[in-house]
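Down below is the structure, laid out as structure tokens.
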Amino acid sequence: MRVWMSGFILAWAPVVAVAEASIEDVIGAQMSAFQQDDFVGAFAYASPTIQGIFGGPDRFGEMVRQGYPMVWRPEDVRYLERREIAGRVWQRVMVRDTKGVLHMLDYQMVQVDGMWRINAVQLLQMPGAGA
């Protein structure tokens with residue numbers, strides 16, 4: 001499902017522009033940590049909720065390796081639109097994996113002590129893909 005609220009995004013453009021680099025920086029830094037198998041570093045970018053669910057970097061890293069290999073070893077990353085839905089910030093990211101397959105993900109971001117953290121990642125169906 002594609003959500004587009006151009007009027008809303010334009011109205012919030014100055015605020016979003018300030019936060020934009022830091023959200024992309026956090027997602028990019030976590031992916032970079034995954035590429036180096038630095039699960040301690042990658043775990044630090046997860047929200048306290050996610051950290052509590054997995055309990056530690058090893059379990060978190062195993063989940064990402066098995067469930068999100070395109071995030072663990074991305075070939076190319078493109079940051080797309082950002083939306084606010086029900087008070088939550090979602091960053092759409094398109095990732096090309098090492099086999100050349102495109103994946104669309106939505107990252108839910110939360111602020112913790114003034115810093116962005118990843119609170120959820122949803123793997124979305126690519127536009128035009130059949131069920």
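Following the order of the structure tokens, first chain is A, next is B, and so on, with residues numbered from 1 inside each chain and ligands from 1 in the order they appear.
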
Name the residues in contact with Asp37 in chain A at a cut-off of 10 Å, using only C-alpha atoms, excluding same-chain residues fewer than 6 positions from it; report them as JSON, numbers by chain.
{"A": [31, 61, 65, 72, 73]}

Contacts of Glu75 in chain A at 12 Å or less, counting only C-alpha atoms, minus same-chain residues fewer than 5 places along, as a PyMOL selection string?
chain A and resi 31-32+35+69-70+94-103

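In terms of minimum interatomic distance to Asp76 in chain A, A:Gly28 ranks closest within A:Pro127, A:Gly28, A:Gly114, A:Gly52, counting only C-alpha atoms.
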
Would you mind reading off the distance between CA of Tyr45 in chain A and CA of Arg82 in chain A, one decimal, in Å?
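Taking CA of Tyr45 in chain A and CA of Arg82 in chain A, their separation equals 18.4 Å.
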
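Taking CA of Asp58 in chain A as the reference point, CA of Ala46 in chain A is found at 13.2 Å.
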
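The protein and nucleic acid residues lying at most 9 Å from Val110 in chain A are Ser47, Arg88, Val89, Met115, Trp116, Arg117, Ile118 and Asn119 of chain A, with only C-alpha atoms considered and sequence neighbours fewer than 5 positions away removed.
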
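CA of Val93 in chain A lies 21.3 Å from CA of Thr49 in chain A.
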
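Nearest-residue note for Asp25 in chain A: choosing from A:Met109, A:Arg83, A:Ile53, A:Met63, the minimum distance belongs to A:Met109, counting only C-alpha atoms.
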
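The residues of range 8-92 of chain A that DSSP assigns to strand (DSSP E or B) on this backbone come out as Ala46, Pro74, Glu75, Asp76, Val77, Arg78, Tyr79, Leu80, Glu81, Arg82, Arg83, Glu84, Ile85, Arg88, Val89, Trp90, Gln91 and Arg92 of chain A.
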
When you look at Leu123 in chain A with a cut-off of 9 Å (counting only C-alpha atoms), what residues show up, excluding the ones that are within fewer than 2 positions of it in the same chain? I need them as a PyMOL selection string.
chain A and resi 68+103-106+121+125

Could you write those residues out with N, CA, C and O atoms, as a PDB file, in the first residue's frame?
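The result, stored in again_11.pdb:
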```pdb
ATOM      1  N   TYR A  68      16.223 -11.047   7.337  1.00  0.00           N
ATOM      2  CA  TYR A  68      16.430  -9.842   6.536  1.00  0.00           C
ATOM      3  C   TYR A  68      17.827  -9.854   5.898  1.00  0.00           C
ATOM      4  O   TYR A  68      18.619  -8.937   6.109  1.00  0.00           O
ATOM      5  N   HIS A 103      14.135  -4.971  -2.848  1.00  0.00           N
ATOM      6  CA  HIS A 103      13.255  -5.179  -1.698  1.00  0.00           C
ATOM      7  C   HIS A 103      12.831  -3.813  -1.185  1.00  0.00           C
ATOM      8  O   HIS A 103      13.647  -2.894  -1.115  1.00  0.00           O
ATOM      9  N   MET A 104      11.568  -3.694  -0.810  1.00  0.00           N
ATOM     10  CA  MET A 104      11.049  -2.458  -0.237  1.00  0.00           C
ATOM     11  C   MET A 104      10.802  -2.698   1.246  1.00  0.00           C
ATOM     12  O   MET A 104      10.171  -3.686   1.634  1.00  0.00           O
ATOM     13  N   LEU A 105      11.344  -1.797   2.071  1.00  0.00           N
ATOM     14  CA  LEU A 105      11.177  -1.922   3.523  1.00  0.00           C
ATOM     15  C   LEU A 105      10.661  -0.605   4.095  1.00  0.00           C
ATOM     16  O   LEU A 105      10.943   0.462   3.557  1.00  0.00           O
ATOM     17  N   ASP A 106       9.940  -0.708   5.180  1.00  0.00           N
ATOM     18  CA  ASP A 106       9.509   0.449   5.944  1.00  0.00           C
ATOM     19  C   ASP A 106      10.144   0.362   7.320  1.00  0.00           C
ATOM     20  O   ASP A 106       9.996  -0.649   8.014  1.00  0.00           O
ATOM     21  N   VAL A 121      10.933  -2.883  11.475  1.00  0.00           N
ATOM     22  CA  VAL A 121      11.194  -2.935  10.041  1.00  0.00           C
ATOM     23  C   VAL A 121      10.171  -3.879   9.430  1.00  0.00           C
ATOM     24  O   VAL A 121      10.013  -5.003   9.890  1.00  0.00           O
ATOM     25  N   GLN A 125       5.651  -5.632  -0.032  1.00  0.00           N
ATOM     26  CA  GLN A 125       5.580  -6.201  -1.370  1.00  0.00           C
ATOM     27  C   GLN A 125       5.995  -5.115  -2.357  1.00  0.00           C
ATOM     28  O   GLN A 125       5.576  -3.963  -2.241  1.00  0.00           O
TER      29      GLN A 125
END
```

DSSP-assigned alpha helix (DSSP H) among range 30-81 of chain A, expressed as a PyMOL selection string
chain A and resi 30-35+39-44+48-54+57-67+69-72
